[in-house]
Amino acid sequence: MRPIQPQIPEPLQEALQATGYLLGGNDPAPGLSFAGSTIPPRMHTLTPDAWWRSNTTRSNPNIDDSSNPTVLFKYSESINGQVANWQQDAWNLGFTPLLWVVTLDGIRVYNGYGKPQKPVDKDKNLLKTFARDPVGLSNLDSYAGRLSMETGKFWHSAPDVTRGTGVFKQLMEHLVAIEKLLVHDGLQRLEAHALICRSIFTKYLIDRDIVSADRLKMVCGRDTLPRRS
């Protein structure tokens, strides 16, 4: 078997081959990328080993657009406490419906749109588990293989994977709630909108280390953004 470049763990390679994301000769199917060959999506704790972008996302309301990953693939020797953090990273991206965690024992498929859970509840977003044997890999292919994703079969079998529980829906609900609180506190609606937009932009600058805690304290008198009390 000719090795693919870059090298990926054998269990992940096996799963990708069985589900059509790797073609004959270990050539990546259209839309498949590997860490090391291209820059992975920006996340805090999850560095995916591979990711796949669907060519038919524009016709599917559960995927944001064809430029974003549809499936993230992560290899780990075993399921560990990082899984909840990986799920949160996938959710924070806002546009990735599925996270596969491939281990020595099997493949676990998680709902990328599922709301983040505490580590003890990490399996609440678990859709299905598949064994690393011919039957398990065949079932995985039927459930979420490339053909199933491209033809839309997967979406009919997984109604819970919907942007209705995604980060952008949650963000809009939070913004509406914040607006109501600020208006209740006496701000005009346009003033509330301006404050919310400036706060989001400031938080972005802080998270990207463009504005340091020292700089924020010098300008605003505190080193973190205050919460509404």
# chains A, B, ... in the order shown; residues from 1 in each chain; ligands from 1
call {"tool": "closest_atom_pairs", "arguments": {"of": "region 15-53 of chain A", "to": "region 134-153 of chain A", "cutoff": "10 Å", "atoms": "only C-alpha atoms", "output": "tab-separated table"}}
result
residue	atom	partner	partner_atom	distance
A:Ala15	CA	A:Leu137	CA	6.8
A:Leu16	CA	A:Gly145	CA	8.5
A:Gln17	CA	A:Leu137	CA	9.5
A:Ala18	CA	A:Leu137	CA	6.1
A:Thr19	CA	A:Gly145	CA	4.4
A:Gly20	CA	A:Arg146	CA	5.5
A:Tyr21	CA	A:Arg146	CA	5.9
A:Leu22	CA	A:Arg146	CA	9.4
A:Ala29	CA	A:Arg146	CA	8.7
A:Pro30	CA	A:Arg146	CA	9.9
A:Trp52	CA	A:Arg146	CA	9.1
call {"tool": "select_by_dssp", "arguments": {"residues": "region 33-215 of chain A", "states": "strand (DSSP E)", "output": "PyMOL selection string"}}
result
chain A and resi 33-34+50-52+71-75+98-102+106-111+126-131
call {"tool": "closest_residue", "arguments": {"among": "A:His184, A:Lys74, A:Lys203, A:Arg108", "to": "Asn125 (chain A)", "atoms": "only C-alpha atoms"}}
result
A:Arg108
